[in-house]
Amino acid sequence: MEIGEGHIWFKSRRSARRICAWVMSMCLLLSATLLAGCGTKELGTQEETQSQETQQIVVGFSQLGAESDWRSANTESMKSTFTAANGYKLLIEDGQQQQANQIMAIRKFIQQDVDYIVLAPVTETGWDTVLQEAKDAQIPVIIVDRQVAVEDPELFCCWVGSDFELEAKKATAWLHQFAYTKGIDESQLHIVNIQGTIGASAQIGRTKGLQDAVAAYGWDLLAQVPGEFTQAKGKEAMEALLEQYENINVVYCENDNEALGAIEAIEEAGRHVGSDILHGDIMVMSFDGVNQNVMQYLLKDKISFVGECNPHHGPRVQNIIQLLEAGKTPEKYSYVEERVYTHDATVPSVEVDGVNYSVTVMTKETLQEFK
Ligand code: AHR
């Protein structure tokens, strides 16, 4: 396979680079000893440090931003995995939600001649040119979290992340079953969708899952507006929606931070958040579920459904790098298994494409599993 072949070449190039660095540092140390006559003990320590550094695997990580709790957890997972103690040097660049910044970061990593590039892309399209540059430089690129839509799949080594459309299918299967069990007619569901960053895989999959269910069940989808995966935008969007529509009874948020913003807006407008939608509640549904702060909203029924989106990709990317280091070929696409959390046990499990997924009801004990 092409990636494998390029990688072998790349590994020998890296070995050559390391040998050069080692030879140069030995020459410098030798001349310093001769000129300064300094103690060999101190020199020995310097030599060890330099040798450890040349053995390290250098990973350049282009993170897309810091828009959500999920993103912070994801960055932390990378930082705590790619440590010097584990044999890595991690270079991180924050793209601040701008693809142009991420492209600049990748070019910088190429100039720095890193061993691997890890890219968490803000949106799917527009990566062909820069990934071709990385390929030409023989640097393997691992895509993490969201996906890239490129003409040539060989432009990246592999991808690891969530099945965002499956997350949405579980959420909509749950809503369908919830309404049925509570005796709510499908046409009585008046839904607004606060979307994520438009063009991001997480937005595309979660929006598609909702739209497909709307078409299948005949739900009333009042509006779809972008919320950019942030609390501030989620609140702003919800404020505008509440002014425009009086009959909203379900808010389908594409992440938890948007949900927190939407809850603020709903409560400030004097409305009640909860799952008793036949008696005036507005039900909030969401995705991520990365920490206690959000998961406690499930206990209170302020959020009624959370589709897990797992951010702990550091160890998964490390496994991929270890496979590549061993000359093996990782799976092109690796999907992470994820759970479903709810406020109550109205729906014990959901079925999607013939597969049954159990539903975890949030309790005080379950909440302790989250930090
Ligand atoms: O791509 C993953 C999504 O990005 C998470 O659901 C969201 O919180 C983050 O901003």
# chains A, B, ... in the order shown; residues from 1 in each chain; ligands from 1

call {"tool": "residues_near_ligand", "arguments": {"ligand": "ligand 1", "cutoff": "10 Å", "atoms": "only C-alpha atoms and all ligand atoms", "output": "number ranges by chain"}}
result
A: 64-74, 97, 120-123, 144-147, 161-162, 164, 196-197, 200-203, 206, 228-230, 253-258, 286-290, 307-311

call {"tool": "residues_around", "arguments": {"residues": "region 351-368 of chain A", "least_positions_apart": "6", "cutoff": "6 Å", "atoms": "only C-alpha atoms", "output": "ChimeraX atom specification"}}
result
/A:299,340-344

call {"tool": "write_last_selection", "arguments": {"atoms": "N, CA, C and O atoms", "output": "short mmCIF file (atom, residue, chain, number, x, y, z; two decimals), in the first residue's frame"}}
result
data_model
loop_
_atom_site.label_atom_id
_atom_site.label_comp_id
_atom_site.auth_asym_id
_atom_site.auth_seq_id
_atom_site.Cartn_x
_atom_site.Cartn_y
_atom_site.Cartn_z
N LEU A 299 -30.05 14.81 35.31
CA LEU A 299 -30.70 14.44 36.58
C LEU A 299 -31.91 15.33 36.82
O LEU A 299 -32.95 14.87 37.30
N VAL A 340 -25.81 6.23 25.15
CA VAL A 340 -26.95 7.15 25.12
C VAL A 340 -27.40 7.36 26.56
O VAL A 340 -27.54 6.38 27.31
N TYR A 341 -27.59 8.60 26.98
CA TYR A 341 -28.00 8.91 28.35
C TYR A 341 -29.32 9.68 28.35
O TYR A 341 -29.52 10.56 27.50
N THR A 342 -30.19 9.33 29.31
CA THR A 342 -31.48 10.04 29.36
C THR A 342 -31.84 10.40 30.79
O THR A 342 -31.24 9.91 31.75
N HIS A 343 -32.87 11.26 30.90
CA HIS A 343 -33.36 11.66 32.22
C HIS A 343 -34.13 10.53 32.89
O HIS A 343 -34.00 10.30 34.09
N ASP A 344 -34.98 9.85 32.12
CA ASP A 344 -35.79 8.80 32.75
C ASP A 344 -35.83 7.53 31.88
O ASP A 344 -35.22 7.48 30.81
#

call {"tool": "residues_around", "arguments": {"residues": "region 103-116 of chain A", "least_positions_apart": "4", "cutoff": "6 Å", "atoms": "only C-alpha atoms", "output": "count of residues only"}}
result
5

call {"tool": "residues_around", "arguments": {"residues": "Ser62 (chain A)", "least_positions_apart": "4", "cutoff": "7 Å", "atoms": "only C-alpha atoms", "output": "PyMOL selection string"}}
result
chain A and resi 92-95+102+105-106+118-120

call {"tool": "write_last_selection", "arguments": {"atoms": "N, CA and C atoms", "output": "mmCIF file, in the first residue's frame"}}
result
data_model
loop_
_atom_site.group_PDB
_atom_site.id
_atom_site.type_symbol
_atom_site.label_atom_id
_atom_site.label_comp_id
_atom_site.auth_asym_id
_atom_site.auth_seq_id
_atom_site.Cartn_x
_atom_site.Cartn_y
_atom_site.Cartn_z
ATOM 1 N N ILE A 92 1.408 21.799 19.377
ATOM 2 C CA ILE A 92 -0.024 22.042 19.139
ATOM 3 C C ILE A 92 -0.228 23.437 18.564
ATOM 4 N N GLU A 93 -1.081 23.518 17.561
ATOM 5 C CA GLU A 93 -1.479 24.818 17.009
ATOM 6 C C GLU A 93 -3.006 24.910 17.095
ATOM 7 N N ASP A 94 -3.517 25.987 17.669
ATOM 8 C CA ASP A 94 -4.962 26.201 17.808
ATOM 9 C C ASP A 94 -5.467 26.986 16.588
ATOM 10 N N GLY A 95 -6.339 26.361 15.821
ATOM 11 C CA GLY A 95 -6.829 26.979 14.586
ATOM 12 C C GLY A 95 -7.863 28.076 14.795
ATOM 13 N N GLN A 102 -5.548 26.558 10.209
ATOM 14 C CA GLN A 102 -5.150 25.145 10.255
ATOM 15 C C GLN A 102 -4.227 24.805 9.079
ATOM 16 N N ALA A 105 -0.888 26.036 9.947
ATOM 17 C CA ALA A 105 -0.267 25.156 10.954
ATOM 18 C C ALA A 105 0.339 23.922 10.287
ATOM 19 N N ILE A 106 -0.398 23.344 9.342
ATOM 20 C CA ILE A 106 0.118 22.139 8.668
ATOM 21 C C ILE A 106 1.397 22.481 7.902
ATOM 22 N N VAL A 118 -1.231 15.379 12.997
ATOM 23 C CA VAL A 118 -2.589 14.989 13.391
ATOM 24 C C VAL A 118 -3.472 16.198 13.138
ATOM 25 N N LEU A 119 -4.551 15.986 12.388
ATOM 26 C CA LEU A 119 -5.432 17.098 12.023
ATOM 27 C C LEU A 119 -6.846 16.837 12.528
ATOM 28 N N ALA A 120 -7.368 17.790 13.337
ATOM 29 C CA ALA A 120 -8.786 17.783 13.717
ATOM 30 C C ALA A 120 -9.421 18.900 12.882
#

call {"tool": "select_by_dssp", "arguments": {"residues": "region 112-353 of chain A", "states": "strand (DSSP E)", "output": "PyMOL selection string"}}
result
chain A and resi 116-119+141-144+158-161+190-195+220-226+250-253+283-288+305-308+333-335+340-342+349-352

call {"tool": "select_by_dssp", "arguments": {"residues": "region 122-199 of chain A", "states": "alpha helix (DSSP H)", "output": "ChimeraX atom specification"}}
result
/A:128-136,164-182

call {"tool": "atom_distance", "arguments": {"atom1": "CA of Cys158 (chain A)", "atom2": "CA of Ile142 (chain A)"}}
result
5.3 Å

call {"tool": "atom_distance", "arguments": {"atom1": "CA of Thr329 (chain A)", "atom2": "CA of Pro315 (chain A)"}}
result
17.0 Å

call {"tool": "residues_around", "arguments": {"residues": "Gln211 (chain A)", "least_positions_apart": "4", "cutoff": "12 Å", "atoms": "only C-alpha atoms", "output": "list in words"}}
result
Glu165, Ala168, Lys169, Thr172, Ile191, Val192, Asn193, Gln195, Gln203, Ile204, Gly205, Arg206, Thr207, Ala215, Ala216, Tyr217, Gly218, Trp219, Asp220, Leu221, Leu222, Ala223, Gln224 and Tyr252 of chain A

call {"tool": "atom_distance", "arguments": {"atom1": "CA of Gly126 (chain A)", "atom2": "CA of Lys208 (chain A)"}}
result
21.0 Å
